[in-house]
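So this block is final08.csv, CSV, C-alpha atoms and all ligand atoms:
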chain,number,residue,atom,x,y,z
A,273,MET,CA,230.0,89.1,23.9
A,274,PHE,CA,230.3,90.5,20.4
A,275,THR,CA,233.9,90.7,19.3
A,276,ASP,CA,233.7,91.4,15.5
A,277,LYS,CA,234.6,94.7,14.0
A,278,ILE,CA,232.1,96.1,11.5
A,279,GLU,CA,232.0,98.7,8.8
A,280,LEU,CA,229.1,100.7,7.5
A,281,LYS,CA,228.4,98.1,4.8
A,282,ASP,CA,227.7,95.5,7.6
A,283,PHE,CA,225.4,97.7,9.6
A,284,ASP,CA,222.1,96.5,7.9
A,285,LYS,CA,222.9,92.9,8.9
A,286,MET,CA,223.3,93.8,12.6
A,287,ASP,CA,220.9,93.0,15.4
A,288,GLN,CA,218.2,95.6,16.0
A,289,GLU,CA,219.6,96.2,19.5
A,290,TYR,CA,223.0,97.1,18.1
A,291,LYS,CA,221.5,99.5,15.6
A,292,GLU,CA,219.5,101.3,18.4
A,293,LEU,CA,222.4,101.5,20.8
A,294,LEU,CA,224.8,102.8,18.2
A,295,GLY,CA,222.3,105.4,17.1
A,296,HIS,CA,221.6,106.4,20.7
A,297,VAL,CA,225.2,106.7,21.7
A,298,LEU,CA,226.0,108.8,18.6
A,299,THR,CA,223.1,111.1,19.4
A,300,ILE,CA,224.3,111.6,23.0
A,301,GLN,CA,227.8,112.2,21.8
A,302,ALA,CA,226.6,114.8,19.2
A,303,ASP,CA,224.6,116.5,21.9
A,304,CYS,CA,227.5,116.7,24.3
A,305,GLU,CA,229.9,118.1,21.7
A,306,ILE,CA,227.6,120.9,20.8
A,307,GLY,CA,226.4,121.3,24.4
A,308,GLY,CA,229.7,122.8,25.5
A,309,PRO,CA,229.8,125.9,23.2
A,310,HIS,CA,226.1,126.5,24.1
A,311,LEU,CA,227.1,126.8,27.7
A,312,TYR,CA,230.0,129.3,27.4
A,313,VAL,CA,230.2,131.1,24.1
A,314,GLU,CA,227.5,133.7,24.8
A,315,LYS,CA,228.9,135.0,28.1
A,316,MET,CA,232.5,133.9,28.0
A,317,LEU,CA,233.6,134.9,24.6
A,318,PRO,CA,233.1,138.6,25.3
A,319,ALA,CA,234.3,138.2,28.9
A,320,ALA,CA,237.7,136.6,28.1
A,321,PRO,CA,240.4,138.5,29.9
A,322,THR,CA,242.8,138.8,27.0
A,323,LYS,CA,242.7,138.7,23.2
A,324,LEU,CA,244.6,135.4,23.3
A,325,ASP,CA,242.0,133.9,25.7
A,326,GLN,CA,239.2,135.2,23.5
A,327,LEU,CA,240.8,133.5,20.5
A,328,ILE,CA,241.2,130.2,22.4
A,329,VAL,CA,237.6,130.2,23.6
A,330,ALA,CA,236.5,130.8,20.0
A,331,ARG,CA,238.8,128.1,18.7
A,332,THR,CA,237.6,125.6,21.4
A,333,ALA,CA,234.0,126.3,20.4
A,334,ALA,CA,234.9,125.8,16.7
A,335,GLU,CA,236.6,122.5,17.5
A,336,GLU,CA,233.5,121.3,19.4
A,337,ILE,CA,231.3,122.2,16.5
A,338,ASP,CA,233.6,120.2,14.3
A,339,HIS,CA,233.4,117.2,16.7
A,340,TYR,CA,229.6,117.5,16.4
A,341,ARG,CA,229.9,117.5,12.6
A,342,LYS,CA,232.1,114.3,12.6
A,343,VAL,CA,229.7,112.5,14.9
A,344,ALA,CA,226.6,113.7,13.1
A,345,ARG,CA,228.0,112.4,9.8
A,346,LEU,CA,228.4,108.9,11.3
A,347,ALA,CA,224.9,109.0,12.7
A,348,GLY,CA,223.5,110.2,9.3
A,349,GLU,CA,225.2,107.3,7.6
A,350,ILE,CA,223.2,104.9,9.7
A,351,GLY,CA,220.0,106.8,9.1
A,352,VAL,CA,219.9,108.8,12.4
A,353,ASP,CA,219.4,112.5,12.0
A,354,VAL,CA,220.9,114.3,15.1
A,355,SER,CA,220.6,117.8,13.7
A,356,PHE,CA,217.8,118.6,16.3
A,357,VAL,CA,220.6,118.9,19.0
A,358,LEU,CA,221.9,122.0,17.3
A,359,SER,CA,218.9,124.1,18.2
A,360,GLN,CA,217.5,122.4,21.3
A,361,PRO,CA,217.5,124.5,24.5
A,362,ASN,CA,220.2,123.8,27.0
A,363,GLU,CA,217.6,122.5,29.5
A,364,LYS,CA,216.9,119.6,27.1
A,365,ARG,CA,220.4,118.3,26.8
A,366,PHE,CA,220.8,114.6,27.5
A,367,VAL,CA,223.5,115.1,30.1
A,368,ASP,CA,222.7,117.3,33.1
A,369,THR,CA,226.1,119.1,33.0
A,370,PHE,CA,225.1,120.8,29.8
A,371,ARG,CA,221.9,122.4,31.2
A,372,GLY,CA,222.2,126.0,32.4
A,373,SER,CA,225.0,128.3,31.4
A,374,ILE,CA,228.5,129.3,32.4
A,375,THR,CA,228.8,132.9,33.5
A,376,THR,CA,232.2,133.2,35.4
A,377,TRP,CA,235.8,132.8,34.1
A,378,ALA,CA,236.5,130.4,37.0
A,379,ASP,CA,233.7,128.1,35.9
A,380,ASN,CA,234.9,128.3,32.3
A,381,ALA,CA,238.4,127.3,33.3
A,382,VAL,CA,237.3,124.4,35.6
A,383,PHE,CA,234.8,123.2,33.0
A,384,GLY,CA,237.7,122.7,30.6
A,385,PHE,CA,239.9,121.1,33.2
A,386,LEU,CA,237.2,118.7,34.6
A,387,ILE,CA,234.4,118.3,32.1
A,388,ASP,CA,236.3,118.2,28.9
A,389,ARG,CA,238.3,115.5,30.7
A,390,VAL,CA,235.1,113.5,31.1
A,391,GLY,CA,234.6,114.1,27.4
A,392,ARG,CA,238.0,112.5,26.8
A,393,TYR,CA,236.9,109.5,28.9
A,394,GLN,CA,233.7,109.1,26.9
A,395,LEU,CA,235.7,109.0,23.7
A,396,GLU,CA,238.2,106.6,25.1
A,397,GLU,CA,235.3,104.2,25.7
A,398,PHE,CA,235.1,103.8,21.9
A,399,TYR,CA,238.8,102.9,21.5
A,400,ASP,CA,238.9,99.5,19.8
A,401,CYS,CA,235.1,99.5,19.6
A,402,SER,CA,233.1,97.2,17.3
A,403,TYR,CA,232.1,100.0,14.9
A,404,LEU,CA,235.2,100.9,12.9
A,405,PRO,CA,234.0,104.2,11.4
A,406,LEU,CA,233.6,105.5,15.0
A,407,GLN,CA,237.1,104.3,15.9
A,408,ARG,CA,238.5,106.3,13.0
A,409,ILE,CA,237.3,109.7,14.1
A,410,LEU,CA,238.7,109.4,17.6
A,411,PRO,CA,242.4,110.3,17.3
A,412,ASP,CA,241.8,113.8,16.0
A,413,ILE,CA,239.0,114.6,18.4
A,414,VAL,CA,240.9,113.3,21.4
A,415,THR,CA,243.9,115.4,20.5
A,416,GLU,CA,241.8,118.5,20.5
A,417,GLU,CA,240.1,117.5,23.8
A,418,LEU,CA,243.6,117.2,25.4
A,419,GLY,CA,244.1,120.8,24.3
A,420,HIS,CA,240.9,121.9,26.0
A,421,ILE,CA,241.8,120.0,29.2
A,422,GLU,CA,245.3,121.5,29.3
A,423,TYR,CA,244.0,125.0,28.7
A,424,GLY,CA,241.4,124.6,31.4
A,425,TYR,CA,244.1,123.3,33.8
A,426,ASN,CA,246.4,126.2,33.0
A,427,LYS,CA,243.7,128.8,33.5
A,428,THR,CA,242.6,127.2,36.8
A,429,LEU,CA,246.2,127.2,38.0
A,430,GLU,CA,246.6,130.8,37.0
A,431,LEU,CA,243.6,131.7,39.1
A,432,ILE,CA,244.9,129.7,42.1
A,433,GLN,CA,248.3,131.5,41.8
A,434,SER,CA,246.7,134.9,41.7
A,435,GLY,CA,246.1,134.9,45.4
A,436,ASP,CA,243.6,133.8,48.1
A,437,ALA,CA,240.5,135.3,46.4
A,438,GLY,CA,241.4,133.5,43.1
A,439,LYS,CA,242.1,130.3,44.9
A,440,ALA,CA,238.7,130.4,46.7
A,441,LYS,CA,237.0,131.0,43.3
A,442,ALA,CA,238.8,128.0,41.8
A,443,GLN,CA,237.9,125.8,44.8
A,444,LYS,CA,234.3,126.8,44.5
A,445,ALA,CA,234.2,126.0,40.8
A,446,VAL,CA,235.9,122.7,41.4
A,447,ASP,CA,233.4,121.8,44.1
A,448,TYR,CA,230.6,122.6,41.7
A,449,TRP,CA,231.9,120.7,38.6
A,450,TYR,CA,233.6,117.7,40.2
A,451,VAL,CA,230.4,116.0,41.3
A,452,ARG,CA,228.8,116.9,38.0
A,453,ALA,CA,231.7,115.2,36.3
A,454,LEU,CA,231.2,112.1,38.4
A,455,ASP,CA,227.5,112.0,37.6
A,456,MET,CA,228.3,112.1,33.9
A,457,PHE,CA,229.5,108.5,34.1
A,458,GLY,CA,226.0,107.3,34.9
A,459,ARG,CA,224.6,104.8,37.3
A,460,ALA,CA,226.8,102.0,38.5
A,461,ASP,CA,224.0,99.4,37.9
A,462,SER,CA,223.0,100.7,34.4
A,463,LYS,CA,221.6,97.9,32.3
A,464,LYS,CA,222.2,99.9,29.2
A,465,SER,CA,225.9,100.2,30.0
A,466,GLU,CA,226.1,96.4,30.2
A,467,ARG,CA,224.5,96.1,26.7
A,468,TYR,CA,227.0,98.6,25.3
A,469,ARG,CA,229.8,96.4,26.6
A,470,HIS,CA,228.1,93.3,25.3
A,471,TRP,CA,228.1,94.7,21.8
A,472,GLY,CA,231.7,96.0,22.0
A,473,LEU,CA,230.6,99.6,21.9
A,474,LYS,CA,232.1,100.5,25.3
A,475,ARG,CA,235.1,99.1,27.2
A,476,ARG,CA,234.5,99.9,30.9
A,477,THR,CA,231.5,99.8,33.2
A,478,ASN,CA,230.3,103.2,34.4
A,479,GLN,CA,231.8,102.6,37.8
A,480,GLN,CA,235.2,101.6,36.4
A,481,ALA,CA,235.4,104.6,34.2
A,482,ARG,CA,234.3,106.9,37.1
A,483,GLN,CA,236.9,105.3,39.4
A,484,ASP,CA,239.6,105.8,36.8
A,485,TYR,CA,238.6,109.4,36.5
A,486,MET,CA,238.7,109.9,40.3
A,487,ASN,CA,242.1,108.3,40.5
A,488,GLU,CA,243.4,110.6,37.8
A,489,VAL,CA,242.0,113.8,39.1
A,490,ALA,CA,242.7,113.4,42.8
A,491,PRO,CA,246.5,113.8,42.6
A,492,ILE,CA,246.2,116.7,40.2
A,493,LEU,CA,243.9,118.6,42.5
A,494,ARG,CA,246.2,117.9,45.5
A,495,GLN,CA,249.2,119.1,43.5
A,496,MET,CA,247.3,122.3,42.7
A,497,GLY,CA,246.8,122.9,46.4
A,498,LEU,CA,243.0,122.4,46.2
A,499,GLN,CA,240.8,120.2,48.4
A,500,LEU,CA,239.3,117.1,46.9
A,501,PRO,CA,235.5,117.7,47.0
A,502,ASP,CA,233.2,115.2,48.8
A,503,PRO,CA,232.4,112.8,45.9
A,504,ASN,CA,228.8,112.3,47.2
A,505,GLN,CA,227.8,115.8,48.0
A,506,GLY,CA,225.2,116.9,45.5
A,507,ARG,CA,225.6,113.7,43.4
A,508,ARG,CA,222.5,112.5,41.6
A,509,TYR,CA,223.6,109.2,39.9
A,510,PHE,CA,225.3,106.5,41.8
A,601,FE,FE,234.6,117.7,21.9
A,602,FE,FE,236.3,119.8,24.5

Could you write out this file's structure as structure tokens?
Ligand SMILES: [Fe+2]
Ligand SMILES: [Fe+2]
Amino acid sequence: MFTDKIELKDFDKMDQEYKELLGHVLTIQADCEIGGPHLYVEKMLPAAPTKLDQLIVARTAAEEIDHYRKVARLAGEIGVDVSFVLSQPNEKRFVDTFRGSITTWADNAVFGFLIDRVGRYQLEEFYDCSYLPLQRILPDIVTEELGHIEYGYNKTLELIQSGDAGKAKAQKAVDYWYVRALDMFGRADSKKSERYRHWGLKRRTNQQARQDYMNEVAPILRQMGLQLPDPNQGRRYF
């Protein structure tokens, strides 16, 4: 287990495996940051029900673009050019969740509530990680993610409280996104995940992080009056 903390100046001395894993994880993170806006801006920005919602959708997208920029800079510093993720089609995103597009306000709300929350979990994996420049960008990004999650939660709750039809829409969106959220944590037996942990780049196993997420979300859904979806229905990665 690697327990040192390193700076950019130490990077060249690191093992080849470390270099590759750090480059890879930054590339995926950059892709996920920009993947969100590419899912919802086109349809949801004009469809926002109020001017305030429209402003918040635009601001959320701007924050994700800034997260991309921060991660892309770190990657660039270690010689990894991630700019291709800016223009690649949604179908090529590293993570399945970001393929396709968001076309309903219910999906947009639940996306913030459930998927930005996975985003927060992914960032929390890097707390206390071995690469100090990565640690340093986390607090500001996570603060903004908390805002996205809360906005998604509030919009989902609004929909539920609007009546039976709204509640049914919210439940349908939760059923769709919940299993996608669980899949985002990856396979329980992932060899790569073990190597990330070995090099101090991640804290938890995929399964631990997924279980923590499930434990966090279940009481929130219950309190909102929604059914907890079957965690296996439609899942792809176990
Ligand atoms: Fe983000
Ligand atoms: Fe976000």

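Counting from atom CA of Phe366 of chain A, the distance to atom CA of Val297 of chain A is 10.7 Å.
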
Subject >> Env. residues ligand FE 602 (chain A) / 8 Å / all atoms listed in the file / as an MDAnalysis selection string >> reply: chainID A and resid 305 308 332 335:336 384 387:389 391:392 416:421

Keeping only C-alpha atoms, write those residues as a short mmCIF file (atom, residue, chain, number, x, y, z; two decimals), keeping the file's coordinate frame.
data_model
loop_
_atom_site.label_atom_id
_atom_site.label_comp_id
_atom_site.auth_asym_id
_atom_site.auth_seq_id
_atom_site.Cartn_x
_atom_site.Cartn_y
_atom_site.Cartn_z
CA GLU A 305 229.90 118.10 21.70
CA GLY A 308 229.70 122.80 25.50
CA THR A 332 237.60 125.60 21.40
CA GLU A 335 236.60 122.50 17.50
CA GLU A 336 233.50 121.30 19.40
CA GLY A 384 237.70 122.70 30.60
CA ILE A 387 234.40 118.30 32.10
CA ASP A 388 236.30 118.20 28.90
CA ARG A 389 238.30 115.50 30.70
CA GLY A 391 234.60 114.10 27.40
CA ARG A 392 238.00 112.50 26.80
CA GLU A 416 241.80 118.50 20.50
CA GLU A 417 240.10 117.50 23.80
CA LEU A 418 243.60 117.20 25.40
CA GLY A 419 244.10 120.80 24.30
CA HIS A 420 240.90 121.90 26.00
CA ILE A 421 241.80 120.00 29.20
#

Subject >> Straight-line distance linking atom CA of Ala344 of chain A with atom CA of Asp325 of chain A, stated in Å to one decimal >> reply: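 The value is 28.4 Å.
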
Subject >> Counting all atoms listed in the file, the option among A:Gln301, A:Thr428, A:Gln407, A:Gln499 closest to ligand FE 601 (chain A) >> reply: A:Gln301

Sorted by chain and rising residue number, which residues of segment 414-459 of chain A lie within 12 Å of segment 469-485 of chain A, and what are their closest atom pairs and distances in Å to one decimal, counting all atoms listed in the file, as CSV?
residue,atom,partner,partner_atom,distance
A:Tyr450,CA,A:Tyr485,CA,10.4
A:Val451,CA,A:Arg482,CA,10.8
A:Arg452,CA,A:Arg482,CA,11.4
A:Ala453,CA,A:Arg482,CA,8.7
A:Leu454,CA,A:Arg482,CA,6.2
A:Asp455,CA,A:Arg482,CA,8.5
A:Met456,CA,A:Arg482,CA,8.6
A:Phe457,CA,A:Asn478,CA,5.4
A:Gly458,CA,A:Asn478,CA,6.0
A:Arg459,CA,A:Asn478,CA,6.6

May I have the selected residues written with C-alpha atoms, as a short mmCIF file (atom, residue, chain, number, x, y, z; two decimals), in the coordinates of the input?
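Final output, saved to selection_37.cif:
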data_model
loop_
_atom_site.label_atom_id
_atom_site.label_comp_id
_atom_site.auth_asym_id
_atom_site.auth_seq_id
_atom_site.Cartn_x
_atom_site.Cartn_y
_atom_site.Cartn_z
CA TYR A 450 233.60 117.70 40.20
CA VAL A 451 230.40 116.00 41.30
CA ARG A 452 228.80 116.90 38.00
CA ALA A 453 231.70 115.20 36.30
CA LEU A 454 231.20 112.10 38.40
CA ASP A 455 227.50 112.00 37.60
CA MET A 456 228.30 112.10 33.90
CA PHE A 457 229.50 108.50 34.10
CA GLY A 458 226.00 107.30 34.90
CA ARG A 459 224.60 104.80 37.30
#

**OP:** Identify which of the residues A:Val446, A:Ile278, A:Leu395, A:Leu324 lies closest to ligand FE 601 (chain A), counting all atoms listed in the file when measuring atom-to-atom distances.
**Re:**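 Using all atoms listed in the file, ligand FE 601 (chain A) sits closest to A:Leu395.
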
**OP:** Using only C-alpha atoms, determine which residues lie at most 12 Å from Asp353 of chain A, disregarding the query and same-chain residues fewer than 3 positions distant; provide the list as a PyMOL selection string.
**Re:** chain A and resi 295-296+298-299+302-303+341+343-350+356-358
